[in-house]
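Data block for my_file.cif (mmCIF, C-alpha atoms and all ligand atoms):
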data_query
#
loop_
_atom_site.label_atom_id
_atom_site.label_comp_id
_atom_site.auth_asym_id
_atom_site.auth_seq_id
_atom_site.Cartn_x
_atom_site.Cartn_y
_atom_site.Cartn_z
CA MET A 7 141.67 7.97 -323.71
CA ALA A 8 144.06 5.12 -322.91
CA GLY A 9 146.92 5.74 -320.48
CA LEU A 10 150.17 7.07 -321.88
CA LEU A 11 152.70 4.62 -320.44
CA GLY A 12 151.20 1.20 -321.14
CA LYS A 13 151.48 -2.05 -319.19
CA ASP A 14 155.26 -2.53 -319.48
CA ALA A 15 156.22 0.98 -318.34
CA ARG A 16 153.57 1.74 -315.73
CA VAL A 17 154.73 2.70 -312.25
CA GLY A 18 154.24 0.33 -309.28
CA VAL A 19 152.44 2.02 -306.39
CA GLY A 20 152.05 0.98 -302.75
CA ILE A 21 149.38 2.67 -300.67
CA VAL A 22 149.82 3.67 -297.00
CA GLY A 23 146.57 4.50 -295.18
CA LEU A 24 143.49 2.50 -296.14
CA GLY A 25 140.79 4.73 -294.68
CA ASP A 26 137.86 6.66 -296.14
CA ILE A 27 139.47 8.10 -299.27
CA SER A 28 141.51 5.01 -300.18
CA SER A 29 138.67 3.20 -301.97
CA THR A 30 138.19 6.14 -304.36
CA TYR A 31 141.90 6.09 -305.20
CA ILE A 32 142.07 2.30 -305.55
CA ARG A 33 138.98 2.25 -307.76
CA ASN A 34 140.30 4.99 -310.07
CA LEU A 35 143.92 3.79 -310.17
CA THR A 36 142.90 0.22 -311.01
CA THR A 37 140.50 1.30 -313.76
CA ARG A 38 140.93 4.59 -315.59
CA PHE A 39 144.61 5.09 -314.68
CA ASN A 40 145.75 1.46 -314.86
CA GLU A 41 147.85 2.03 -318.00
CA ASP A 42 150.05 4.47 -316.07
CA ILE A 43 149.90 2.96 -312.60
CA HIS A 44 149.97 -0.57 -311.21
CA VAL A 45 148.69 -0.72 -307.63
CA VAL A 46 150.84 -3.39 -306.01
CA GLY A 47 149.33 -3.38 -302.52
CA GLY A 48 148.80 -1.41 -299.36
CA THR A 49 149.20 -1.16 -295.62
CA ASP A 50 147.69 0.56 -292.59
CA VAL A 51 148.49 0.70 -288.87
CA ASP A 52 145.01 -0.73 -288.42
CA ALA A 53 145.27 -4.35 -289.65
CA HIS A 54 141.49 -4.64 -289.94
CA ARG A 55 141.47 -1.88 -292.56
CA VAL A 56 144.11 -3.78 -294.56
CA ASP A 57 141.89 -6.86 -294.58
CA VAL A 58 138.75 -4.97 -295.56
CA ALA A 59 140.29 -2.75 -298.24
CA LEU A 60 142.46 -5.37 -299.83
CA LYS A 61 139.88 -8.14 -299.89
CA LYS A 62 137.52 -5.73 -301.62
CA PHE A 63 140.07 -4.93 -304.33
CA ASP A 64 142.13 -8.18 -304.31
CA LEU A 65 145.46 -6.42 -303.66
CA PHE A 66 148.49 -7.49 -301.63
CA GLY A 67 148.42 -6.53 -297.93
CA TYR A 68 151.78 -5.61 -296.34
CA ARG A 69 152.37 -6.16 -292.61
CA ASP A 70 153.71 -2.60 -292.28
CA LEU A 71 155.22 0.32 -294.17
CA PHE A 72 158.73 -1.12 -293.97
CA GLU A 73 157.74 -4.41 -295.56
CA MET A 74 156.11 -2.39 -298.34
CA LEU A 75 159.18 -0.18 -298.81
CA ALA A 76 161.38 -3.28 -299.13
CA ASP A 77 159.34 -4.52 -302.11
CA PRO A 78 161.18 -3.55 -305.33
CA ARG A 79 157.87 -3.62 -307.25
CA VAL A 80 156.82 -0.52 -305.26
CA GLU A 81 158.42 2.45 -307.01
CA MET A 82 156.06 5.08 -305.65
CA VAL A 83 154.23 5.45 -302.33
CA LEU A 84 150.73 6.89 -302.20
CA ASN A 85 150.41 8.46 -298.74
CA LEU A 86 146.74 8.46 -297.68
CA THR A 87 147.35 8.64 -293.94
CA ASN A 88 145.98 11.34 -291.66
CA PRO A 89 147.79 14.70 -291.90
CA LEU A 90 149.87 14.20 -288.73
CA SER A 91 151.43 11.05 -290.26
CA HIS A 92 152.17 12.60 -293.66
CA ALA A 93 155.71 13.79 -292.89
CA ALA A 94 156.98 10.58 -291.25
CA VAL A 95 155.50 8.27 -293.92
CA SER A 96 156.69 10.40 -296.87
CA GLU A 97 160.18 10.82 -295.38
CA ALA A 98 160.49 7.06 -294.83
CA ALA A 99 159.47 6.48 -298.46
CA VAL A 100 162.00 8.99 -299.77
CA ALA A 101 164.72 7.49 -297.55
CA ALA A 102 163.94 4.12 -299.17
CA GLY A 103 164.40 5.68 -302.63
CA LYS A 104 160.68 5.74 -303.51
CA HIS A 105 158.79 8.53 -305.25
CA VAL A 106 155.89 9.86 -303.15
CA TYR A 107 152.44 11.23 -303.89
CA SER A 108 150.72 12.47 -300.72
CA GLU A 109 147.22 13.55 -299.89
CA LYS A 110 147.05 17.15 -298.69
CA PRO A 111 148.45 18.87 -296.77
CA LEU A 112 151.96 17.85 -297.86
CA THR A 113 152.96 17.86 -294.17
CA VAL A 114 151.53 19.62 -291.14
CA ASP A 115 154.61 21.73 -290.39
CA TYR A 116 156.12 23.91 -293.10
CA GLU A 117 159.69 23.06 -292.03
CA ASP A 118 158.93 19.35 -292.51
CA ALA A 119 157.75 20.02 -296.07
CA CYS A 120 160.93 21.95 -296.92
CA ARG A 121 163.06 19.13 -295.46
CA LEU A 122 161.08 16.47 -297.36
CA LEU A 123 161.63 18.28 -300.67
CA GLU A 124 165.36 18.68 -299.95
CA GLN A 125 165.69 15.00 -299.07
CA ALA A 126 163.78 14.00 -302.21
CA GLN A 127 166.03 16.13 -304.37
CA LYS A 128 169.13 14.55 -302.82
CA ALA A 129 167.67 11.07 -303.27
CA GLY A 130 166.70 11.80 -306.89
CA VAL A 131 163.02 10.98 -306.34
CA LEU A 132 159.89 13.02 -307.11
CA VAL A 133 157.30 14.31 -304.67
CA GLY A 134 153.73 15.12 -305.70
CA CYS A 135 150.75 16.18 -303.64
CA ALA A 136 146.99 16.55 -303.81
CA PRO A 137 144.74 18.25 -304.59
CA ASP A 138 144.66 17.32 -308.27
CA THR A 139 141.25 18.86 -308.91
CA PHE A 140 142.97 21.80 -310.63
CA LEU A 141 143.90 19.31 -313.40
CA GLY A 142 140.21 18.58 -314.02
CA ASP A 143 138.39 20.00 -317.02
CA GLY A 144 136.52 22.65 -315.00
CA LEU A 145 139.55 24.49 -313.63
CA GLN A 146 141.52 23.81 -316.83
CA THR A 147 138.74 25.59 -318.77
CA CYS A 148 139.27 28.53 -316.40
CA ARG A 149 143.00 28.35 -317.04
CA ARG A 150 142.47 28.54 -320.83
CA THR A 151 140.04 31.44 -320.40
CA ILE A 152 142.51 33.43 -318.31
CA ASP A 153 145.52 32.53 -320.49
CA ALA A 154 143.55 33.68 -323.57
CA GLY A 155 143.14 37.07 -321.92
CA GLU A 156 139.32 36.92 -321.95
CA ILE A 157 138.94 38.65 -318.58
CA GLY A 158 142.04 40.84 -319.04
CA ASP A 159 144.58 40.90 -316.21
CA PRO A 160 143.32 39.29 -312.99
CA ILE A 161 143.13 41.97 -310.31
CA ALA A 162 141.23 40.23 -307.52
CA ALA A 163 139.56 36.99 -306.46
CA THR A 164 137.24 35.64 -303.81
CA ALA A 165 137.29 32.12 -302.35
CA PHE A 166 134.67 30.89 -299.91
CA MET A 167 134.41 27.44 -298.32
CA VAL A 168 131.79 27.81 -295.62
CA CYS A 169 130.08 24.80 -294.07
CA HIS A 170 129.53 23.25 -290.65
CA GLY A 171 132.37 20.74 -290.68
CA HIS A 172 132.74 17.09 -291.64
CA GLU A 173 131.27 15.40 -288.53
CA SER A 174 127.96 14.90 -290.34
CA TRP A 175 129.41 12.48 -292.94
CA HIS A 176 132.98 11.27 -292.22
CA PRO A 177 133.19 7.91 -290.34
CA SER A 178 136.06 9.09 -288.07
CA PRO A 179 135.99 12.90 -288.17
CA ALA A 180 138.06 13.76 -285.04
CA PHE A 181 141.20 14.50 -287.06
CA PHE A 182 139.48 17.44 -288.79
CA TYR A 183 139.61 19.28 -285.43
CA ARG A 184 143.25 18.44 -284.66
CA ARG A 185 146.45 20.22 -285.67
CA GLY A 186 147.03 19.76 -289.39
CA ALA A 187 143.35 19.99 -290.34
CA GLY A 188 140.56 22.52 -289.65
CA PRO A 189 138.94 24.40 -292.53
CA MET A 190 142.17 26.02 -293.77
CA MET A 191 144.53 23.02 -293.71
CA ASP A 192 141.82 20.57 -294.84
CA MET A 193 139.90 22.56 -297.46
CA GLY A 194 142.23 25.53 -298.07
CA PRO A 195 144.53 23.47 -300.33
CA TYR A 196 141.72 23.10 -302.93
CA TYR A 197 141.10 26.85 -303.08
CA LEU A 198 144.66 28.11 -302.75
CA THR A 199 146.03 25.53 -305.20
CA ALA A 200 143.34 26.53 -307.72
CA LEU A 201 144.22 30.21 -307.34
CA VAL A 202 147.99 29.63 -307.57
CA SER A 203 147.54 27.34 -310.60
CA LEU A 204 145.59 30.12 -312.34
CA MET A 205 147.30 33.31 -311.14
CA GLY A 206 150.81 32.23 -310.13
CA PRO A 207 152.57 32.36 -306.76
CA ILE A 208 151.60 34.37 -303.68
CA ARG A 209 153.78 37.22 -302.35
CA ARG A 210 152.21 38.12 -298.97
CA VAL A 211 149.32 37.01 -296.74
CA THR A 212 147.42 38.24 -293.71
CA GLY A 213 144.82 36.42 -291.64
CA PHE A 214 142.38 36.42 -288.76
CA GLU A 215 141.00 33.25 -287.24
CA GLN A 216 138.86 32.02 -284.38
CA LYS A 217 137.62 28.86 -282.68
CA THR A 218 133.87 29.32 -282.30
CA PHE A 219 132.65 26.01 -280.82
CA PRO A 220 134.87 24.26 -278.19
CA THR A 221 133.35 20.83 -278.96
CA ARG A 222 131.64 19.09 -281.88
CA THR A 223 129.07 16.30 -281.73
CA ILE A 224 129.42 13.57 -284.35
CA THR A 225 126.19 12.89 -286.28
CA SER A 226 127.65 10.34 -288.76
CA GLN A 227 127.90 6.57 -288.26
CA PRO A 228 129.47 4.68 -286.57
CA LEU A 229 130.51 7.24 -283.89
CA VAL A 230 127.19 9.14 -283.74
CA GLY A 231 126.80 10.99 -280.41
CA ASP A 232 130.57 11.09 -279.60
CA THR A 233 132.06 14.50 -278.83
CA ILE A 234 135.24 15.94 -280.32
CA ASP A 235 137.32 18.55 -278.46
CA VAL A 236 138.22 21.25 -280.98
CA GLU A 237 141.97 22.02 -280.92
CA ILE A 238 142.32 24.40 -283.87
CA PRO A 239 140.69 27.55 -285.36
CA THR A 240 137.49 26.73 -287.25
CA HIS A 241 136.85 30.08 -288.96
CA VAL A 242 139.66 31.72 -290.97
CA SER A 243 139.58 34.96 -293.01
CA ALA A 244 142.62 35.79 -295.10
CA ILE A 245 143.90 38.19 -297.74
CA LEU A 246 146.46 36.99 -300.28
CA GLU A 247 148.54 39.27 -302.49
CA PHE A 248 149.87 37.53 -305.61
CA VAL A 249 153.28 38.23 -307.15
CA ARG A 250 151.51 39.43 -310.31
CA GLY A 251 149.53 41.92 -308.22
CA ALA A 252 146.04 40.43 -307.78
CA ILE A 253 144.49 40.38 -304.29
CA ALA A 254 142.31 37.49 -303.09
CA THR A 255 139.85 37.43 -300.20
CA VAL A 256 139.60 33.94 -298.70
CA VAL A 257 137.17 32.63 -296.05
CA MET A 258 137.42 28.99 -294.87
CA SER A 259 134.96 28.00 -292.16
CA PHE A 260 133.56 24.96 -290.36
CA ASP A 261 131.31 27.28 -288.29
CA VAL A 262 128.63 28.37 -290.78
CA TRP A 263 125.25 26.64 -291.03
CA ALA A 264 124.17 28.20 -294.34
CA ALA A 265 125.56 30.67 -296.89
CA GLN A 266 124.98 31.85 -300.47
CA VAL A 267 128.51 32.89 -301.40
CA PRO A 268 130.28 31.63 -304.55
CA HIS A 269 133.08 29.07 -304.27
CA LEU A 270 135.58 30.96 -306.38
CA GLU A 271 135.49 34.06 -308.59
CA ILE A 272 138.34 35.84 -310.37
CA TYR A 273 137.91 39.48 -311.39
CA GLY A 274 139.93 40.85 -314.32
CA THR A 275 140.41 44.24 -315.98
CA ALA A 276 138.07 43.13 -318.80
CA GLY A 277 135.52 40.94 -316.99
CA SER A 278 134.80 38.36 -314.30
CA LEU A 279 135.16 34.58 -314.22
CA SER A 280 132.95 32.31 -312.12
CA LEU A 281 134.77 29.08 -311.26
CA PRO A 282 133.48 25.66 -310.19
CA ASP A 283 133.79 24.18 -306.69
CA PRO A 284 137.56 23.45 -306.60
CA ASN A 285 136.86 20.21 -304.71
CA THR A 286 135.41 18.85 -307.97
CA PHE A 287 136.84 18.17 -311.43
CA GLY A 288 134.11 19.55 -313.71
CA GLY A 289 132.19 22.82 -314.21
CA PRO A 290 130.23 25.02 -314.28
CA VAL A 291 132.30 27.91 -315.61
CA SER A 292 130.94 31.26 -316.78
CA VAL A 293 132.17 34.75 -317.65
CA GLN A 294 130.64 38.18 -317.63
CA LEU A 295 132.67 40.64 -319.67
CA ALA A 296 132.81 44.43 -319.19
CA ASN A 297 129.47 46.07 -320.02
CA ALA A 298 127.70 42.72 -320.57
CA ARG A 299 124.45 42.28 -318.68
CA ALA A 300 124.58 38.60 -317.89
CA TRP A 301 126.91 35.72 -317.17
CA ARG A 302 127.74 33.59 -320.24
CA PRO A 303 128.35 29.86 -319.62
CA ILE A 304 131.56 28.43 -321.09
CA ASP A 305 131.45 24.82 -322.31
CA VAL A 306 133.53 22.48 -320.18
CA ILE A 307 134.79 19.74 -322.50
CA GLY A 308 136.89 16.65 -321.77
CA SER A 309 136.89 13.37 -319.95
CA ALA A 310 138.15 14.62 -316.56
CA GLN A 311 134.91 16.04 -315.18
CA ASP A 312 133.49 13.42 -312.85
CA ASP A 313 135.52 11.94 -309.97
CA SER A 314 138.97 11.97 -311.55
CA ARG A 315 140.97 11.67 -308.31
CA GLY A 316 144.21 10.08 -309.46
CA LEU A 317 145.03 12.61 -312.21
CA GLY A 318 147.84 14.00 -310.05
CA ILE A 319 149.54 10.70 -309.27
CA ALA A 320 149.14 9.53 -312.89
CA ASP A 321 150.84 12.79 -313.99
CA LEU A 322 153.60 12.10 -311.43
CA ALA A 323 154.03 8.58 -312.88
CA LEU A 324 154.50 10.10 -316.35
CA ALA A 325 157.02 12.54 -314.89
CA VAL A 326 158.95 9.62 -313.34
CA ARG A 327 159.25 7.95 -316.75
CA SER A 328 159.67 11.04 -318.95
CA GLY A 329 161.66 13.43 -316.75
CA ALA A 330 158.93 16.07 -317.09
CA THR A 331 158.04 18.32 -314.16
CA PRO A 332 154.98 17.01 -312.33
CA ARG A 333 151.99 19.38 -312.22
CA ALA A 334 150.60 18.55 -308.76
CA SER A 335 154.14 18.97 -307.47
CA GLY A 336 155.67 19.03 -304.01
CA GLU A 337 156.86 22.59 -304.70
CA LEU A 338 153.31 23.78 -305.43
CA ALA A 339 152.01 22.03 -302.28
CA CYS A 340 154.85 23.47 -300.18
CA HIS A 341 154.04 26.99 -301.42
CA VAL A 342 150.36 26.52 -300.52
CA LEU A 343 151.35 25.06 -297.12
CA GLU A 344 153.59 28.07 -296.43
CA ALA A 345 150.71 30.43 -297.29
CA MET A 346 148.39 28.59 -294.87
CA HIS A 347 151.01 28.81 -292.12
CA GLY A 348 151.60 32.45 -292.98
CA ILE A 349 147.90 33.17 -292.52
CA HIS A 350 148.02 31.47 -289.10
CA ALA A 351 151.21 33.36 -288.14
CA SER A 352 149.63 36.65 -289.20
CA SER A 353 146.57 35.93 -287.09
CA MET A 354 148.79 35.23 -284.09
CA ASN A 355 151.20 38.17 -284.38
CA GLY A 356 149.11 40.78 -286.21
CA ARG A 357 151.68 41.23 -288.98
CA VAL A 358 151.72 40.67 -292.75
CA TYR A 359 153.55 37.41 -293.60
CA VAL A 360 156.00 37.62 -296.52
CA MET A 361 156.29 34.34 -298.43
CA GLN A 362 159.73 32.71 -298.76
CA THR A 363 158.85 30.10 -301.41
CA ARG A 364 157.88 30.66 -305.02
CA CYS A 365 156.53 28.00 -307.35
CA LEU A 366 156.18 27.88 -311.09
CA LEU A 367 152.77 28.12 -312.70
CA PRO A 368 152.10 24.43 -313.52
CA PRO A 369 151.77 23.81 -317.28
CA PRO A 370 148.16 23.30 -318.47
CA ALA A 371 147.01 19.69 -318.06
CA ARG A 372 147.10 17.07 -320.79
CA ASP A 373 144.12 14.72 -321.19
CA MET A 374 145.03 11.72 -319.03
CA THR A 375 141.77 9.91 -318.56
N1 LIG A 401 137.88 11.41 -296.84
C1 LIG A 401 137.87 12.24 -297.86
O1 LIG A 401 136.83 12.49 -298.50
C2 LIG A 401 139.15 12.91 -298.29
C3 LIG A 401 139.09 13.67 -299.46
C4 LIG A 401 140.25 14.26 -299.93
C5 LIG A 401 141.42 14.13 -299.22
N2 LIG A 401 141.46 13.41 -298.07
C6 LIG A 401 142.75 13.32 -297.36
O2 LIG A 401 143.16 11.96 -297.35
C7 LIG A 401 143.87 11.69 -296.14
C8 LIG A 401 143.18 10.54 -295.43
O3 LIG A 401 141.85 10.92 -295.18
P1 LIG A 401 140.74 9.82 -294.83
O4 LIG A 401 139.47 10.55 -294.82
O5 LIG A 401 140.90 8.62 -295.69
O6 LIG A 401 141.17 9.50 -293.31
P2 LIG A 401 140.86 8.16 -292.49
O7 LIG A 401 141.07 8.52 -291.05
O8 LIG A 401 139.55 7.58 -292.89
O9 LIG A 401 142.01 7.16 -292.97
C9 LIG A 401 143.39 7.37 -292.69
C10 LIG A 401 144.02 6.00 -292.53
O10 LIG A 401 145.44 6.16 -292.35
C11 LIG A 401 145.88 5.22 -291.36
N3 LIG A 401 147.13 5.69 -290.80
C12 LIG A 401 147.36 6.81 -290.06
N4 LIG A 401 148.66 6.92 -289.77
C13 LIG A 401 149.28 5.87 -290.35
C14 LIG A 401 150.64 5.44 -290.43
N5 LIG A 401 151.62 6.14 -289.84
N6 LIG A 401 150.92 4.33 -291.13
C15 LIG A 401 149.93 3.60 -291.73
N7 LIG A 401 148.62 3.97 -291.68
C16 LIG A 401 148.31 5.08 -291.02
C17 LIG A 401 144.73 5.18 -290.35
O11 LIG A 401 144.75 4.00 -289.57
C18 LIG A 401 143.52 5.24 -291.29
O12 LIG A 401 143.10 3.96 -291.69
C19 LIG A 401 143.90 13.00 -295.35
O13 LIG A 401 145.10 13.66 -295.60
C20 LIG A 401 142.73 13.79 -295.92
O14 LIG A 401 142.97 15.18 -295.86
C21 LIG A 401 140.35 12.78 -297.60
#
Could you write out this file's structure as structure tokens?
Ligand SMILES: NC(=O)c1ccc[n+]([C@@H]2O[C@H](COP(=O)([O-])OP(=O)(O)OC[C@H]3O[C@@H](n4cnc5c(N)ncnc54)[C@H](O)[C@@H]3O)[C@@H](O)[C@H]2O)c1
Amino acid sequence: MAGLLGKDARVGVGIVGLGDISSTYIRNLTTRFNEDIHVVGGTDVDAHRVDVALKKFDLFGYRDLFEMLADPRVEMVLNLTNPLSHAAVSEAAVAAGKHVYSEKPLTVDYEDACRLLEQAQKAGVLVGCAPDTFLGDGLQTCRRTIDAGEIGDPIAATAFMVCHGHESWHPSPAFFYRRGAGPMMDMGPYYLTALVSLMGPIRRVTGFEQKTFPTRTITSQPLVGDTIDVEIPTHVSAILEFVRGAIATVVMSFDVWAAQVPHLEIYGTAGSLSLPDPNTFGGPVSVQLANARAWRPIDVIGSAQDDSRGLGIADLALAVRSGATPRASGELACHVLEAMHGIHASSMNGRVYVMQTRCLLPPPARDMT
């Protein structure tokens, strides 16, 4: 499907942070989403990365963030920096009157996220945040199945992301073991955002966490053999209670060598739903209803099944032009961030954390690809 805005109305985007994930965004935004978004250029604190990324895609390279923010063609900033830079970069963009779409987590500290949203509201600009995988056809099929009442009322869910960390594939994996990352802050947003987008906001959380290995050895190129000091918990178990009453069991771990647990399942009064990996856009999806003997696959239909990263920022661009509420919104990301901090707080103080924020259930996605 062609984009909804068209060449004359599309939103000009400047990218900050030209590391590992930037080429996926640039590729998708300059091809399948180029009727909604015009990538003007990008910048990075590492000038070499600007040269490499922008030569590859023939885009304009800014000397720094401030030169980019001064360019009136840039209406929206795509923040692809490391988590610890998210708050400063997004705040600078908002202060310059730009809309912002950030990679997850929205910020590292919850207070920074609340301040960013307040500043954006005052400035009259929109904030959106990854992940946007919940807008893919796989999780949207789950949304339709739940909304149609097929599994009855959701009463419980399980979410498992268990692996042995990202040092086997990422070119510069140290940040995954620093504040603002770890299995919960890095991967938790996919799972918690999926659950909130399907079952509504969270009321209370509890958590336990541990740091199992004090160091990690990188096995990916180019830093193979280097050691990373681990600063944050790498195994987190949590319980979430949703406002509508369902209870989810969540395990996020970078400490597990092998496991056979499902990514996500939602259990309802009339049956169970098996969900896809929420770090992907497609299926598989299946249900097993009360008294049935086997899981029944549900067809996943649509054009947002393969790597559709960019759905969220394209939806934000439409919201900028139409006044609609963005789906992958700052409010949703702030709610998820608060839950992750609440889990950490609960682990530290042994008490249940009561959520302060609420977010609306995002409307089902439209086909944007
Ligand atoms: N790599 C992936 O597969 C992946 C997938 C999904 C989401 N993400 C998210 O995307 C973000 C970036 O991840 P990555 O893997 O590309 O990291 P990366 O380390 O490869 O790249 C980050 C880039 O940001 C630059 N940078 C940092 N602070 C900056 C600042 N203040 N101003 C300008 N540039 C700055 C760094 O120099 C680096 O080039 C993270 O939030 C991560 O959680 C990554």
Ligand LIG 401 (chain A) neighbours within 8 Å using all atoms listed in the file, as a PyMOL selection string: chain A and resi 22-28+49-52+55+70-71+85-92+94-95+108-111+136-137+176-179+181+187+192
Residue list as JSON, numbers by chain for point (133.5, 17.2, -290.2), cut-off 9 Å, all atoms listed in the file: {"A": [170, 171, 172, 173, 174, 175, 176, 178, 179, 180, 181, 182, 183, 188, 222, 224, 260]}
Contacts of segment 164-169 of chain A within 10 Å, all atoms listed in the file, excl. fewer than 3 positions in-chain, as an MDAnalysis selection string: chainID A and resid 172 189:190 193:194 196:198 200:201 241:246 253:273 280:281 283:285
With C-alpha atoms retained, could you export that selection as a compact mmCIF listing (two decimals), in the frame of the given file?
# COMPACT_ATOMS: atom_id res chain seq x y z
CA HIS A 172 132.74 17.09 -291.64
CA PRO A 189 138.94 24.40 -292.53
CA MET A 190 142.17 26.02 -293.77
CA MET A 193 139.90 22.56 -297.46
CA GLY A 194 142.23 25.53 -298.07
CA TYR A 196 141.72 23.10 -302.93
CA TYR A 197 141.10 26.85 -303.08
CA LEU A 198 144.66 28.11 -302.75
CA ALA A 200 143.34 26.53 -307.72
CA LEU A 201 144.22 30.21 -307.34
CA HIS A 241 136.85 30.08 -288.96
CA VAL A 242 139.66 31.72 -290.97
CA SER A 243 139.58 34.96 -293.01
CA ALA A 244 142.62 35.79 -295.10
CA ILE A 245 143.90 38.19 -297.74
CA LEU A 246 146.46 36.99 -300.28
CA ILE A 253 144.49 40.38 -304.29
CA ALA A 254 142.31 37.49 -303.09
CA THR A 255 139.85 37.43 -300.20
CA VAL A 256 139.60 33.94 -298.70
CA VAL A 257 137.17 32.63 -296.05
CA MET A 258 137.42 28.99 -294.87
CA SER A 259 134.96 28.00 -292.16
CA PHE A 260 133.56 24.96 -290.36
CA ASP A 261 131.31 27.28 -288.29
CA VAL A 262 128.63 28.37 -290.78
CA TRP A 263 125.25 26.64 -291.03
CA ALA A 264 124.17 28.20 -294.34
CA ALA A 265 125.56 30.67 -296.89
CA GLN A 266 124.98 31.85 -300.47
CA VAL A 267 128.51 32.89 -301.40
CA PRO A 268 130.28 31.63 -304.55
CA HIS A 269 133.08 29.07 -304.27
CA LEU A 270 135.58 30.96 -306.38
CA GLU A 271 135.49 34.06 -308.59
CA ILE A 272 138.34 35.84 -310.37
CA TYR A 273 137.91 39.48 -311.39
CA SER A 280 132.95 32.31 -312.12
CA LEU A 281 134.77 29.08 -311.26
CA ASP A 283 133.79 24.18 -306.69
CA PRO A 284 137.56 23.45 -306.60
CA ASN A 285 136.86 20.21 -304.71
Atom pair atom CA of Pro195 of chain A / atom CA of Thr113 of chain A: separation (Å): 11.9 Å
Atom-to-atom span, atom CA of Ala119 of chain A and atom CA of Asp138 of chain A, Å: 18.1 Å
Tell me, counting only C-alpha atoms, for each residue of segment 204-285 of chain A within 12 Å of segment 321-342 of chain A, which pair of atoms is nearest and how far apart they are in Å to one decimal, in rows ordered by chain and increasing number, as a Markdown table.
| residue | atom | partner | partner_atom | distance |
| --- | --- | --- | --- | --- |
| A:Gly206 | CA | A:Leu338 | CA | 10.0 |
| A:Pro207 | CA | A:His341 | CA | 7.7 |
| A:Ile208 | CA | A:His341 | CA | 8.1 |
| A:Arg209 | CA | A:His341 | CA | 10.3 |
| A:Arg210 | CA | A:His341 | CA | 11.5 |
| A:Val211 | CA | A:Val342 | CA | 11.2 |
| A:Leu246 | CA | A:Val342 | CA | 11.2 |
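Atom CA of Arg184 of chain A lies 26.6 Å from atom CA of Gly20 of chain A.
For Gly277 of chain A, the residues within 9 Å (counting only C-alpha atoms, excluding itself and residues fewer than 2 positions away along the chain) are Glu156, Ile157, Gly158, Pro160, Ile272, Tyr273, Gly274, Thr275, Leu279, Val293, Gln294, Leu295, Ala296, Asn297 and Ala298 of chain A.
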Option closest in space to Ser292 of chain A, from A:Asp232, A:Asp118, A:Asp14, A:Asp305 [counting all atoms listed in the file]: A:Asp305
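Closest approach to Met74 of chain A among A:Arg121, A:His54, A:Arg364, A:Lys104 is made by A:Lys104 (distances from all atoms listed in the file).
Considering only C-alpha atoms, the residue among A:Val114, A:Val202, A:Leu35, A:Ile234 positioned nearest to Asp313 of chain A is A:Leu35.
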Which of A:Lys128, A:Phe219, A:Gly134, A:Cys148 sits closest to His105 of chain A [using all atoms listed in the file]: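 Distance minimum relative to His105 of chain A lands on A:Gly134.
Compared by their closest atoms to Ser314 of chain A, and using all atoms listed in the file, the residues A:Asp64, A:Glu124, A:Asp42, A:Asp143 rank with A:Asp143 nearest.
Each of A:Leu65, A:Ile304, A:Val133, A:Val80 was checked against Glu97 of chain A using only C-alpha atoms; the smallest atom-to-atom distance is that of A:Val133.
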Selection near Gly348 of chain A, 9 Å with all atoms listed in the file, sequence-local residues under 4 positions removed, as a PyMOL selection string: chain A and resi 210-213+343-344+352-353+358-361
Polymer residues at most 12 Å from (146.4, 9.4, -312.1) by all atoms listed in the file, as a PyMOL selection string: chain A and resi 8-11+16-17+19+30-45+84+107+134-139+141-142+310+313-325+332-334+371-375
